[in-house]
$ cat coords30.cif   # mmCIF, C-alpha atoms and all ligand atoms
data_coords
#
loop_
_atom_site.label_atom_id
_atom_site.label_comp_id
_atom_site.auth_asym_id
_atom_site.auth_seq_id
_atom_site.Cartn_x
_atom_site.Cartn_y
_atom_site.Cartn_z
CA MET V 22 -11.72 21.00 1.46
CA ASN V 23 -13.08 19.00 -1.48
CA SER V 24 -15.21 15.90 -0.93
CA GLU V 25 -12.21 13.57 -1.27
CA ASN V 26 -10.44 15.17 1.70
CA LYS V 27 -13.46 15.12 3.97
CA LYS V 28 -13.90 12.36 6.54
CA HIS V 29 -16.56 9.95 5.23
CA ILE V 30 -18.87 8.76 7.98
CA ALA V 31 -21.56 6.16 8.59
CA ILE V 32 -23.97 6.75 11.49
CA LEU V 33 -25.77 3.69 12.83
CA GLY V 34 -28.85 4.90 14.71
CA SER V 35 -29.00 8.39 13.17
CA THR V 36 -32.58 9.06 14.33
CA GLY V 37 -31.81 8.72 18.05
CA SER V 38 -30.50 11.14 20.63
CA ILE V 39 -26.81 10.62 19.80
CA GLY V 40 -27.52 10.20 16.09
CA THR V 41 -29.37 13.52 15.71
CA GLN V 42 -26.76 15.37 17.79
CA THR V 43 -24.03 13.86 15.59
CA LEU V 44 -25.79 15.24 12.53
CA GLU V 45 -25.97 18.66 14.23
CA VAL V 46 -22.20 18.55 14.73
CA ILE V 47 -21.71 17.51 11.11
CA ALA V 48 -24.10 20.21 9.81
CA ALA V 49 -21.93 22.81 11.56
CA ASN V 50 -18.76 21.31 10.01
CA LEU V 51 -19.72 20.36 6.48
CA HIS V 52 -16.25 21.39 5.31
CA LEU V 53 -14.83 18.46 7.36
CA PHE V 54 -17.32 15.62 6.95
CA LYS V 55 -19.35 13.75 4.35
CA VAL V 56 -22.14 11.44 5.51
CA GLU V 57 -22.12 8.20 3.52
CA VAL V 58 -24.67 6.04 5.36
CA LEU V 59 -27.49 6.60 7.86
CA THR V 60 -29.56 3.93 9.59
CA ALA V 61 -32.65 3.73 11.80
CA HIS V 62 -34.84 1.03 13.23
CA SER V 63 -38.36 2.23 12.42
CA ASN V 64 -38.41 6.03 12.19
CA ALA V 65 -38.48 6.05 8.39
CA GLU V 66 -39.78 9.60 8.13
CA LEU V 67 -36.87 11.18 10.00
CA LEU V 68 -34.39 8.88 8.27
CA ALA V 69 -35.68 10.00 4.86
CA SER V 70 -35.41 13.69 5.67
CA GLN V 71 -31.90 13.26 7.11
CA ALA V 72 -30.85 11.29 4.03
CA ILE V 73 -32.06 14.04 1.72
CA GLN V 74 -30.55 16.85 3.81
CA PHE V 75 -27.10 15.21 3.90
CA ASP V 76 -27.33 13.74 0.38
CA VAL V 77 -26.12 10.35 1.57
CA ASN V 78 -25.09 7.35 -0.48
CA ALA V 79 -27.29 4.79 1.33
CA VAL V 80 -29.77 4.25 4.16
CA VAL V 81 -30.83 1.18 6.11
CA ILE V 82 -34.11 0.70 7.94
CA THR V 83 -33.92 -2.42 10.09
CA ASP V 84 -37.69 -2.68 10.52
CA GLU V 85 -38.45 -4.30 7.16
CA SER V 86 -42.12 -3.30 7.25
CA LYS V 87 -41.00 0.32 6.63
CA TYR V 88 -38.92 -0.49 3.54
CA ALA V 89 -41.59 0.07 0.87
CA TRP V 90 -42.55 3.46 2.29
CA LEU V 91 -38.90 4.58 2.54
CA LYS V 92 -38.03 3.35 -0.95
CA GLU V 93 -40.97 5.26 -2.41
CA LYS V 94 -40.11 8.40 -0.40
CA LEU V 95 -36.54 8.39 -1.76
CA ALA V 96 -37.47 7.23 -5.28
CA HIS V 97 -36.69 10.65 -6.78
CA THR V 98 -33.10 10.52 -5.41
CA ASP V 99 -30.17 8.22 -6.13
CA ILE V 100 -29.94 7.21 -2.46
CA LYS V 101 -29.71 3.42 -2.07
CA VAL V 102 -32.26 1.94 0.31
CA PHE V 103 -31.72 -1.29 2.26
CA ALA V 104 -33.73 -3.04 4.96
CA GLY V 105 -33.12 -5.59 7.70
CA GLU V 106 -30.56 -6.21 10.38
CA GLN V 107 -28.06 -7.94 8.07
CA ALA V 108 -27.86 -4.83 5.88
CA LEU V 109 -26.21 -2.93 8.77
CA SER V 110 -23.22 -5.26 8.61
CA GLU V 111 -23.00 -4.79 4.85
CA VAL V 112 -23.26 -1.00 4.52
CA VAL V 113 -20.53 -0.35 7.12
CA THR V 114 -18.03 -2.03 4.77
CA PHE V 115 -18.59 0.45 1.87
CA GLU V 116 -15.23 1.51 0.53
CA LYS V 117 -15.50 5.26 1.07
CA ILE V 118 -16.40 5.02 4.77
CA GLN V 119 -13.54 5.89 7.14
CA LEU V 120 -15.39 6.15 10.44
CA VAL V 121 -18.49 4.35 11.74
CA LEU V 122 -20.31 6.05 14.61
CA THR V 123 -22.32 3.44 16.50
CA ALA V 124 -25.33 5.23 17.99
CA LEU V 125 -27.80 2.37 17.95
CA VAL V 126 -29.00 1.04 21.23
CA GLY V 127 -28.21 -2.30 22.87
CA TYR V 128 -26.89 -5.66 21.74
CA ALA V 129 -27.96 -4.86 18.14
CA GLY V 130 -24.70 -2.91 17.85
CA LEU V 131 -22.42 -5.94 18.26
CA LYS V 132 -22.64 -7.52 14.79
CA PRO V 133 -22.28 -4.36 12.68
CA THR V 134 -19.41 -3.15 14.89
CA ILE V 135 -17.55 -6.41 14.26
CA ALA V 136 -18.23 -6.09 10.51
CA ALA V 137 -16.95 -2.50 10.51
CA ILE V 138 -13.75 -3.42 12.35
CA LYS V 139 -13.10 -6.31 9.96
CA ALA V 140 -13.50 -3.83 7.08
CA LYS V 141 -10.81 -1.67 8.79
CA LYS V 142 -13.13 1.20 9.64
CA ASN V 143 -12.38 3.27 12.73
CA ILE V 144 -15.19 3.23 15.28
CA ALA V 145 -16.63 6.17 17.20
CA LEU V 146 -18.36 4.17 19.90
CA ALA V 147 -21.50 5.42 21.62
CA ASN V 148 -23.06 1.95 21.75
CA LYS V 149 -21.46 0.91 25.05
CA GLU V 150 -23.42 -2.37 25.16
CA THR V 151 -21.12 -3.76 22.44
CA LEU V 152 -18.07 -3.45 24.70
CA VAL V 153 -20.01 -4.70 27.72
CA VAL V 154 -21.14 -7.84 25.90
CA ALA V 155 -17.91 -8.74 24.11
CA GLY V 156 -15.15 -6.35 25.17
CA ASP V 157 -12.36 -8.90 24.83
CA LEU V 158 -13.44 -9.91 21.34
CA ILE V 159 -13.87 -6.32 20.14
CA THR V 160 -10.58 -5.02 21.56
CA LYS V 161 -8.66 -7.99 20.14
CA LEU V 162 -10.26 -7.48 16.72
CA ALA V 163 -9.49 -3.75 16.82
CA GLU V 164 -5.85 -4.57 17.49
CA GLU V 165 -5.73 -7.23 14.80
CA TYR V 166 -7.25 -4.94 12.13
CA ASP V 167 -5.40 -1.83 13.38
CA VAL V 168 -8.59 0.08 14.02
CA SER V 169 -9.14 2.88 16.58
CA ILE V 170 -12.09 2.79 18.96
CA LEU V 171 -12.82 6.38 19.87
CA PRO V 172 -15.16 6.89 22.84
CA VAL V 173 -18.28 9.01 22.47
CA ASP V 174 -19.65 8.38 25.97
CA SER V 175 -18.91 11.60 27.87
CA GLU V 176 -17.05 9.95 30.78
CA HIS V 177 -14.85 7.91 28.47
CA SER V 178 -14.24 10.86 26.21
CA ALA V 179 -13.16 12.75 29.34
CA ILE V 180 -10.66 10.01 30.25
CA PHE V 181 -9.48 9.86 26.63
CA GLN V 182 -8.95 13.63 26.60
CA CYS V 183 -7.04 13.46 29.90
CA LEU V 184 -4.78 10.77 28.42
CA ALA V 185 -3.76 12.85 25.38
CA GLY V 186 0.02 13.19 25.59
CA GLU V 187 0.15 10.70 28.48
CA TRP V 188 0.10 7.38 26.60
CA HIS V 189 3.49 6.38 28.01
CA ASN V 190 2.40 7.06 31.62
CA LYS V 191 0.79 4.46 33.87
CA ILE V 192 -2.79 4.97 35.05
CA GLU V 193 -3.18 4.23 38.75
CA LYS V 194 -6.91 4.68 38.78
CA ILE V 195 -9.80 6.33 37.00
CA TYR V 196 -12.88 7.89 38.57
CA LEU V 197 -16.02 7.81 36.46
CA THR V 198 -18.40 10.53 37.57
CA ALA V 199 -22.14 9.81 37.87
CA SER V 200 -24.89 12.38 38.25
CA GLY V 201 -26.78 9.96 40.50
CA GLY V 202 -29.86 10.29 38.31
CA PRO V 203 -33.34 11.44 39.36
CA PHE V 204 -33.48 9.17 42.44
CA ARG V 205 -30.17 10.15 44.04
CA GLY V 206 -30.35 10.14 47.86
CA MET V 207 -33.48 7.96 48.01
CA ASP V 208 -33.72 4.63 49.83
CA ARG V 209 -35.16 1.32 48.61
CA LEU V 210 -38.53 2.03 50.12
CA ALA V 211 -38.84 5.21 48.08
CA LEU V 212 -37.64 3.44 44.92
CA ALA V 213 -40.11 0.57 45.12
CA ASN V 214 -43.00 2.54 43.62
CA LYS V 215 -41.18 4.75 41.18
CA THR V 216 -42.91 5.00 37.81
CA LYS V 217 -41.39 5.15 34.36
CA ALA V 218 -42.46 8.80 34.04
CA GLN V 219 -40.40 9.63 37.15
CA ALA V 220 -37.46 7.51 35.99
CA LEU V 221 -37.48 9.16 32.56
CA LYS V 222 -36.86 12.64 34.05
CA HIS V 223 -33.07 12.86 34.13
CA PRO V 224 -31.80 15.98 35.92
CA ASN V 225 -28.91 16.87 33.55
CA TRP V 226 -29.09 14.96 30.26
CA THR V 227 -31.76 14.37 27.57
CA MET V 228 -31.20 10.91 26.12
CA GLY V 229 -32.97 7.88 24.64
CA ALA V 230 -35.39 5.97 26.88
CA LYS V 231 -33.18 2.92 27.54
CA ILE V 232 -30.12 4.84 28.75
CA THR V 233 -32.34 7.19 30.79
CA ILE V 234 -33.78 4.24 32.74
CA ASP V 235 -30.24 2.84 33.06
CA SER V 236 -29.16 6.19 34.50
CA ALA V 237 -31.96 6.15 37.07
CA SER V 238 -31.02 2.61 38.20
CA LEU V 239 -27.24 3.31 37.99
CA MET V 240 -26.92 0.41 35.52
CA ASN V 241 -25.66 2.98 33.04
CA LYS V 242 -22.70 3.66 35.32
CA GLY V 243 -22.19 -0.08 35.75
CA LEU V 244 -22.10 -0.57 31.97
CA GLU V 245 -19.68 2.36 31.75
CA VAL V 246 -17.35 0.75 34.31
CA ILE V 247 -17.12 -2.33 32.07
CA GLU V 248 -16.79 -0.13 28.97
CA ALA V 249 -13.86 1.69 30.63
CA LYS V 250 -12.12 -1.56 31.52
CA TRP V 251 -11.92 -2.49 27.84
CA LEU V 252 -11.31 0.96 26.36
CA PHE V 253 -8.40 1.76 28.66
CA ASN V 254 -7.14 -1.77 29.42
CA LEU V 255 -7.70 -1.53 33.19
CA GLN V 256 -8.12 -4.00 36.03
CA ALA V 257 -11.35 -3.97 38.04
CA ASP V 258 -9.69 -2.37 41.10
CA GLN V 259 -8.44 0.55 38.99
CA ILE V 260 -11.99 1.80 38.31
CA ASP V 261 -14.05 3.75 40.79
CA VAL V 262 -17.33 5.65 40.56
CA ILE V 263 -17.97 8.96 42.28
CA VAL V 264 -21.34 10.70 42.32
CA HIS V 265 -21.11 14.31 41.13
CA PRO V 266 -24.63 15.73 40.80
CA GLN V 267 -23.71 18.81 38.74
CA SER V 268 -22.27 16.77 35.81
CA ILE V 269 -19.51 19.31 35.17
CA VAL V 270 -16.47 17.13 35.87
CA HIS V 271 -16.92 14.39 33.27
CA SER V 272 -14.32 11.99 34.70
CA ILE V 273 -10.86 11.89 36.22
CA VAL V 274 -7.58 10.02 35.65
CA GLN V 275 -5.13 9.50 38.51
CA PHE V 276 -1.58 8.68 37.36
CA ASN V 277 1.00 6.64 39.26
CA ASP V 278 2.57 9.77 40.80
CA GLY V 279 -0.80 10.62 42.37
CA SER V 280 -1.49 13.52 39.99
CA MET V 281 -5.11 13.76 38.85
CA LYS V 282 -6.43 15.19 35.57
CA ALA V 283 -10.10 15.92 35.03
CA GLN V 284 -12.02 17.07 31.98
CA MET V 285 -14.78 19.61 32.61
CA GLY V 286 -17.50 21.45 30.77
CA LEU V 287 -21.24 21.92 30.60
CA PRO V 288 -23.11 18.64 30.02
CA ASP V 289 -23.58 18.57 26.25
CA MET V 290 -23.02 15.36 24.27
CA LYS V 291 -22.13 17.36 21.16
CA LEU V 292 -18.69 18.02 22.59
CA PRO V 293 -17.59 14.39 23.07
CA ILE V 294 -19.27 13.50 19.76
CA GLN V 295 -17.30 16.19 17.97
CA TYR V 296 -14.04 15.18 19.68
CA ALA V 297 -14.49 11.60 18.46
CA LEU V 298 -15.20 12.86 14.92
CA THR V 299 -12.30 15.33 14.70
CA TYR V 300 -9.73 13.47 16.87
CA PRO V 301 -6.85 14.20 17.26
CA MET V 302 -7.85 17.78 16.37
CA ARG V 303 -10.26 20.07 18.16
CA THR V 304 -12.46 22.45 16.20
CA ILE V 305 -14.15 25.67 17.19
CA THR V 306 -17.74 25.50 18.50
CA ASP V 307 -20.35 27.99 19.57
CA PHE V 308 -21.59 25.73 22.41
CA PRO V 309 -22.37 27.68 25.62
CA ARG V 310 -19.29 28.04 27.85
CA PHE V 311 -19.07 27.03 31.51
CA ASP V 312 -19.21 29.89 34.00
CA PHE V 313 -17.70 29.14 37.44
CA LEU V 314 -19.93 31.72 39.08
CA ASN V 315 -23.04 29.77 38.05
CA TYR V 316 -21.60 26.75 39.88
CA PRO V 317 -20.05 28.01 43.14
CA THR V 318 -20.12 24.44 44.48
CA LEU V 319 -19.10 21.26 42.73
CA SER V 320 -19.83 18.35 45.06
CA PHE V 321 -18.85 14.69 45.22
CA GLU V 322 -20.32 11.78 47.17
CA LYS V 323 -20.05 8.01 47.47
CA ALA V 324 -22.23 5.91 45.16
CA ASP V 325 -24.92 4.02 47.12
CA THR V 326 -24.58 0.46 45.83
CA GLU V 327 -26.83 -0.94 48.62
CA THR V 328 -29.78 0.96 47.22
CA PHE V 329 -28.75 0.95 43.56
CA GLN V 330 -27.85 -2.72 43.29
CA ASN V 331 -27.36 -2.64 39.53
CA LEU V 332 -24.05 -0.84 40.00
CA ALA V 333 -22.84 -3.57 42.37
CA LEU V 334 -24.05 -6.24 39.92
CA ALA V 335 -22.06 -4.67 37.10
CA PHE V 336 -18.89 -4.56 39.21
CA GLN V 337 -19.50 -8.21 40.10
CA ALA V 338 -19.98 -9.16 36.43
CA MET V 339 -16.81 -7.32 35.45
CA LYS V 340 -14.79 -9.12 38.15
CA GLN V 341 -16.20 -12.52 37.13
CA GLY V 342 -15.50 -11.80 33.47
CA GLY V 343 -16.20 -14.41 30.78
CA ASN V 344 -19.79 -14.22 29.56
CA MET V 345 -21.08 -12.67 32.82
CA PRO V 346 -21.25 -9.07 31.50
CA CYS V 347 -23.13 -10.44 28.47
CA ILE V 348 -25.64 -12.10 30.83
CA LEU V 349 -25.97 -8.87 32.82
CA ASN V 350 -26.54 -6.84 29.66
CA ALA V 351 -29.14 -9.16 28.13
CA ALA V 352 -31.11 -9.39 31.38
CA ASN V 353 -30.93 -5.63 31.73
CA GLU V 354 -32.20 -4.96 28.20
CA VAL V 355 -35.19 -7.21 28.89
CA VAL V 356 -36.05 -5.69 32.28
CA VAL V 357 -35.71 -2.11 31.05
CA GLU V 358 -38.13 -2.85 28.22
CA ALA V 359 -40.49 -4.51 30.71
CA PHE V 360 -40.22 -1.52 33.07
CA LEU V 361 -41.03 0.82 30.17
CA ASN V 362 -44.08 -1.39 29.44
CA ASP V 363 -45.22 -1.27 33.10
CA GLN V 364 -44.68 -5.04 33.50
CA ILE V 365 -42.15 -4.86 36.30
CA GLY V 366 -41.31 -2.56 39.24
CA PHE V 367 -38.17 -0.45 39.55
CA LEU V 368 -36.45 -2.64 42.17
CA GLU V 369 -37.55 -5.87 40.51
CA MET V 370 -35.19 -5.03 37.67
CA SER V 371 -32.20 -5.82 39.92
CA ASP V 372 -33.90 -8.96 41.29
CA ALA V 373 -34.37 -10.40 37.80
CA ILE V 374 -30.80 -9.56 36.74
CA THR V 375 -29.41 -11.15 39.95
CA ASP V 376 -31.31 -14.39 39.28
CA CYS V 377 -30.29 -14.45 35.65
CA MET V 378 -26.60 -14.04 36.59
CA GLN V 379 -26.94 -17.01 38.95
CA LYS V 380 -28.81 -19.32 36.58
CA ILE V 381 -27.20 -18.95 33.14
CA THR V 382 -24.20 -21.20 32.48
CA PHE V 383 -20.94 -19.37 33.08
CA ILE V 384 -18.35 -19.55 30.29
CA ASP V 385 -14.84 -18.46 31.18
CA THR V 386 -13.47 -17.71 27.69
CA PRO V 387 -16.45 -17.28 25.36
CA ASN V 388 -16.19 -17.02 21.57
CA TYR V 389 -18.62 -15.12 19.35
CA ASP V 390 -21.12 -17.99 19.15
CA ASP V 391 -21.05 -18.33 22.95
CA TYR V 392 -21.98 -14.65 23.29
CA VAL V 393 -24.89 -15.06 20.87
CA ALA V 394 -26.13 -18.15 22.75
CA THR V 395 -25.66 -16.46 26.14
CA ASP V 396 -27.61 -13.42 24.99
CA THR V 397 -30.49 -15.59 23.72
CA GLU V 398 -30.60 -17.79 26.84
CA SER V 399 -30.46 -14.82 29.20
CA ARG V 400 -33.30 -13.06 27.39
CA ILE V 401 -35.49 -16.19 27.52
CA PHE V 402 -34.72 -16.66 31.22
CA THR V 403 -35.51 -13.04 32.06
CA ARG V 404 -38.73 -12.95 30.04
CA ASN V 405 -39.90 -16.07 31.89
CA TRP V 406 -38.88 -14.52 35.21
CA ILE V 407 -41.12 -11.54 34.43
CA LEU V 408 -44.04 -13.77 33.36
CA ASN V 409 -43.79 -15.93 36.51
CA LYS V 410 -42.99 -13.33 39.16
P1 LIG D 501 -32.05 6.34 21.16
O1 LIG D 501 -33.05 5.38 21.65
O2 LIG D 501 -32.34 7.80 21.24
O3 LIG D 501 -31.69 6.01 19.63
C1 LIG D 501 -31.37 4.71 19.22
C2 LIG D 501 -31.12 4.67 17.72
O4 LIG D 501 -30.89 3.31 17.32
C3 LIG D 501 -32.29 5.15 16.87
O5 LIG D 501 -31.80 5.64 15.65
C4 LIG D 501 -33.09 3.86 16.66
O6 LIG D 501 -33.91 3.92 15.50
C5 LIG D 501 -31.96 2.87 16.47
N1 LIG D 501 -32.30 1.52 16.93
C6 LIG D 501 -33.00 1.16 18.02
N2 LIG D 501 -33.11 -0.18 18.13
C7 LIG D 501 -32.45 -0.69 17.06
C8 LIG D 501 -32.23 -2.02 16.60
N3 LIG D 501 -32.68 -3.10 17.25
N4 LIG D 501 -31.53 -2.17 15.46
C9 LIG D 501 -31.05 -1.11 14.79
N5 LIG D 501 -31.23 0.16 15.17
C10 LIG D 501 -31.92 0.37 16.30
O7 LIG D 501 -30.68 6.01 21.93
P2 LIG D 501 -29.51 7.01 22.35
O8 LIG D 501 -29.11 7.85 21.19
O9 LIG D 501 -29.83 7.65 23.63
O10 LIG D 501 -28.33 5.95 22.67
C11 LIG D 501 -27.63 5.26 21.64
C12 LIG D 501 -26.41 4.59 22.25
O11 LIG D 501 -25.53 5.59 22.73
C13 LIG D 501 -26.75 3.68 23.44
O12 LIG D 501 -25.89 2.59 23.43
C14 LIG D 501 -26.45 4.57 24.64
O13 LIG D 501 -26.07 3.84 25.77
C15 LIG D 501 -25.28 5.39 24.11
N6 LIG D 501 -25.11 6.70 24.75
C16 LIG D 501 -26.10 7.62 24.69
C17 LIG D 501 -25.96 8.87 25.29
C18 LIG D 501 -27.02 9.92 25.16
O14 LIG D 501 -26.80 11.05 25.61
N7 LIG D 501 -28.16 9.65 24.56
C19 LIG D 501 -24.76 9.19 26.07
C20 LIG D 501 -23.76 8.16 26.04
C21 LIG D 501 -23.94 6.96 25.41
P3 LIG D 501 -35.46 4.47 15.62
O15 LIG D 501 -35.35 5.93 15.94
O16 LIG D 501 -36.00 4.21 14.28
O17 LIG D 501 -36.10 3.68 16.72
MG MG D 502 -22.00 8.35 29.96
#

$ encode --input "coords30.cif" --output "structure tokens" --more "lines below"
Ligand code: NDP
Ligand code: MG
Amino acid sequence: MNSENKKHIAILGSTGSIGTQTLEVIAANLHLFKVEVLTAHSNAELLASQAIQFDVNAVVITDESKYAWLKEKLAHTDIKVFAGEQALSEVVTFEKIQLVLTALVGYAGLKPTIAAIKAKKNIALANKETLVVAGDLITKLAEEYDVSILPVDSEHSAIFQCLAGEWHNKIEKIYLTASGGPFRGMDRLALANKTKAQALKHPNWTMGAKITIDSASLMNKGLEVIEAKWLFNLQADQIDVIVHPQSIVHSIVQFNDGSMKAQMGLPDMKLPIQYALTYPMRTITDFPRFDFLNYPTLSFEKADTETFQNLALAFQAMKQGGNMPCILNAANEVVVEAFLNDQIGFLEMSDAITDCMQKITFIDTPNYDDYVATDTESRIFTRNWILNK
């Protein structure tokens, strides 16, 4: 395949866990893909070496203090170098790009995702926070600009794979599986003194720090519930969570005749990443294969929302709708950062989010500016909560 027939890709957040795994998938399939743009926040060194390896057209470093170093490092190449948050929304519109994979973390993904959709680029979405914050806006824009949003998150990729060939059939319900994280089975007393080192040890997945804390608190599953609502156009009562500690069944669709389809495999993000990149095709991989005899028991249990209140808060935010998921997300981003900085205890994260959801003004049908204002207000409220606790 010559360069013109390859899929041209931009990766936002190429230096992170999803970003580096995406580049591994691409390196194994160079006959299919051409990387146009890579971006990072502050890891200029890794960004520079990735840019050289994949001979990209342009890079963006959002931390402007790293620009001079990066520019100098790439001076001997013809790679264009940009800096700052605004540049993300500009590079995604480059003409050659066909697919933008959003692997940056948090609310920072919202603006560039909107810019990419408006430039008619398909989105491979890892950055679930974008759909949590503004799912109605994003899905409406995607429809208006005739753009596909392909899930990268393993549970949503599982649902998406189960739905192939079933688009005309009604979904009765979906079950998102959750590993339960490192604190599964513990009570609130045990959770009160958990440290960040303990929370960062996920049993089945190696991921960035923010999503690993979210997995320990079950907020990740809560965000995924809201993500699923928008991706698959579901009502709140059509989404359920089931704890499955082995992380082999990645999620399940139940159709209106009661039939259930599940997608299974070893936990490896490279598979859902590759599916989003090659969709609707599958391509051969040398990833390790699942062996039933290594897993004689696959088990399932109820999620404990009394202990892991973040999951209940996310369901509540989804049911309330409007700007409530945006409030939940902003408060959560602030408390996770504070927990990682040892400023707040594990259970206090839910307390702060609960208060924030009660105090910030509710808006039933928010527009883009309302989301921006809600995010700012919620962050200020939560930072003050932490200072005054
Ligand atoms: P990481 O923290 O590993 O990587 C985040 C990436 O985004 C890095 O490239 C980082 O740059 C960049 N970045 C961080 N902050 C900003 C910012 N403010 N502006 C621009 N770029 C920024 O995260 P993950 O790869 O784990 O997660 C990325 C997204 O994918 C998240 O939304 C997460 O929920 C989702 N996801 C992740 C999974 C996983 O297995 N990791 C699974 C499913 C979903 P730098 O390196 O320079 O800091
Ligand atoms: Mg997931």

$ closest_residue --input "coords30.cif" --among "V:Asn405, V:His271, V:Ala230, V:Gly286" --to "Ser38 of chain V" --atoms "only C-alpha atoms"
V:Ala230

$ residues_near_point --input "coords30.cif" --point "(-30.8, 0.7, 6.7)" --cutoff "10 Å" --atoms "all atoms listed in the file" --output "PDB file with C-alpha atoms, in the coordinates of the input"
ATOM      1  CA  LEU V  33     -25.770   3.690  12.830  1.00  0.00           C
ATOM      2  CA  GLY V  34     -28.850   4.900  14.710  1.00  0.00           C
ATOM      3  CA  VAL V  58     -24.670   6.040   5.360  1.00  0.00           C
ATOM      4  CA  LEU V  59     -27.490   6.600   7.860  1.00  0.00           C
ATOM      5  CA  THR V  60     -29.560   3.930   9.590  1.00  0.00           C
ATOM      6  CA  ALA V  61     -32.650   3.730  11.800  1.00  0.00           C
ATOM      7  CA  HIS V  62     -34.840   1.030  13.230  1.00  0.00           C
ATOM      8  CA  SER V  63     -38.360   2.230  12.420  1.00  0.00           C
ATOM      9  CA  ALA V  65     -38.480   6.050   8.390  1.00  0.00           C
ATOM     10  CA  LEU V  68     -34.390   8.880   8.270  1.00  0.00           C
ATOM     11  CA  ALA V  79     -27.290   4.790   1.330  1.00  0.00           C
ATOM     12  CA  VAL V  80     -29.770   4.250   4.160  1.00  0.00           C
ATOM     13  CA  VAL V  81     -30.830   1.180   6.110  1.00  0.00           C
ATOM     14  CA  ILE V  82     -34.110   0.700   7.940  1.00  0.00           C
ATOM     15  CA  THR V  83     -33.920  -2.420  10.090  1.00  0.00           C
ATOM     16  CA  ASP V  84     -37.690  -2.680  10.520  1.00  0.00           C
ATOM     17  CA  GLU V  85     -38.450  -4.300   7.160  1.00  0.00           C
ATOM     18  CA  TYR V  88     -38.920  -0.490   3.540  1.00  0.00           C
ATOM     19  CA  LEU V  91     -38.900   4.580   2.540  1.00  0.00           C
ATOM     20  CA  LYS V 101     -29.710   3.420  -2.070  1.00  0.00           C
ATOM     21  CA  VAL V 102     -32.260   1.940   0.310  1.00  0.00           C
ATOM     22  CA  PHE V 103     -31.720  -1.290   2.260  1.00  0.00           C
ATOM     23  CA  ALA V 104     -33.730  -3.040   4.960  1.00  0.00           C
ATOM     24  CA  GLY V 105     -33.120  -5.590   7.700  1.00  0.00           C
ATOM     25  CA  GLU V 106     -30.560  -6.210  10.380  1.00  0.00           C
ATOM     26  CA  GLN V 107     -28.060  -7.940   8.070  1.00  0.00           C
ATOM     27  CA  ALA V 108     -27.860  -4.830   5.880  1.00  0.00           C
ATOM     28  CA  LEU V 109     -26.210  -2.930   8.770  1.00  0.00           C
ATOM     29  CA  SER V 110     -23.220  -5.260   8.610  1.00  0.00           C
ATOM     30  CA  GLU V 111     -23.000  -4.790   4.850  1.00  0.00           C
ATOM     31  CA  VAL V 112     -23.260  -1.000   4.520  1.00  0.00           C
TER      32      VAL V 112
END

$ atom_distance --input "coords30.cif" --atom1 "atom CA of Lys55 of chain V" --atom2 "atom CA of Val77 of chain V"
8.1 Å

$ atom_distance --input "coords30.cif" --atom1 "atom CA of Asn409 of chain V" --atom2 "atom CA of Ala220 of chain V"
24.3 Å

$ residues_near_ligand --input "coords30.cif" --ligand "ligand LIG 501 (chain D)" --cutoff "6 Å" --atoms "all atoms listed in the file" --output "list of chain:residue names"
V:Gly34, V:Ser35, V:Thr36, V:Gly37, V:Ser38, V:Ile39, V:Gly40, V:Ala61, V:His62, V:Ser63, V:Asn64, V:Thr83, V:Ala124, V:Leu125, V:Val126, V:Gly127, V:Ala129, V:Ala147, V:Asn148, V:Lys149, V:Glu150, V:Asp174, V:Met228, V:Gly229, V:Ala230, V:Ile232, V:Met290

$ residues_around --input "coords30.cif" --residues "Glu187 of chain V" --least-positions-apart "2" --cutoff "12 Å" --atoms "all atoms listed in the file" --output "list in words"
Ile180, Phe181, Gln182, Cys183, Leu184, Ala185, His189, Asn190, Lys191, Ile192, Val274, Gln275, Phe276, Asn277, Ser280 and Lys282 of chain V

$ residues_near_ligand --input "coords30.cif" --ligand "ligand MG 502 (chain D)" --cutoff "8 Å" --atoms "only C-alpha atoms and all ligand atoms" --output "JSON, numbers by chain"
{"V": [174, 175, 176, 177, 241, 242, 245]}

$ atom_distance --input "coords30.cif" --atom1 "atom CA of Ala324 of chain V" --atom2 "atom CA of Val270 of chain V"
15.7 Å

$ residues_around --input "coords30.cif" --residues "Ile138 of chain V" --least-positions-apart "3" --cutoff "8 Å" --atoms "all atoms listed in the file" --output "PyMOL selection string"
chain V and resi 134-135+141-144+162-163+166+168

$ write_last_selection --input "coords30.cif" --atoms "C-alpha atoms" --output "compact mmCIF listing (two decimals), in the coordinates of the input"
# COMPACT_ATOMS: atom_id res chain seq x y z
CA THR V 134 -19.41 -3.15 14.89
CA ILE V 135 -17.55 -6.41 14.26
CA LYS V 141 -10.81 -1.67 8.79
CA LYS V 142 -13.13 1.20 9.64
CA ASN V 143 -12.38 3.27 12.73
CA ILE V 144 -15.19 3.23 15.28
CA LEU V 162 -10.26 -7.48 16.72
CA ALA V 163 -9.49 -3.75 16.82
CA TYR V 166 -7.25 -4.94 12.13
CA VAL V 168 -8.59 0.08 14.02

$ residues_around --input "coords30.cif" --residues "Leu332 of chain V" --least-positions-apart "2" --cutoff "12 Å" --atoms "all atoms listed in the file" --output "PyMOL selection string"
chain V and resi 199+201+235-247+261-263+324-330+334-339+349+353+371+374-375

$ residues_near_point --input "coords30.cif" --point "(-12.8, 15.0, 14.6)" --cutoff "12 Å" --atoms "all atoms listed in the file" --output "MDAnalysis selection string"
chainID V and resid 27:30 43 46:47 50:54 119:120 122 143 145 171:173 291:305

$ residues_around --input "coords30.cif" --residues "Phe383 of chain V" --least-positions-apart "6" --cutoff "12 Å" --atoms "only C-alpha atoms" --output "list in words"
Ala338, Gln341, Gly342, Gly343, Asn344, Met345, Pro346, Cys347, Ile348, Leu349, Cys377, Asp391, Tyr392, Ala394, Thr395, Glu398 and Ser399 of chain V
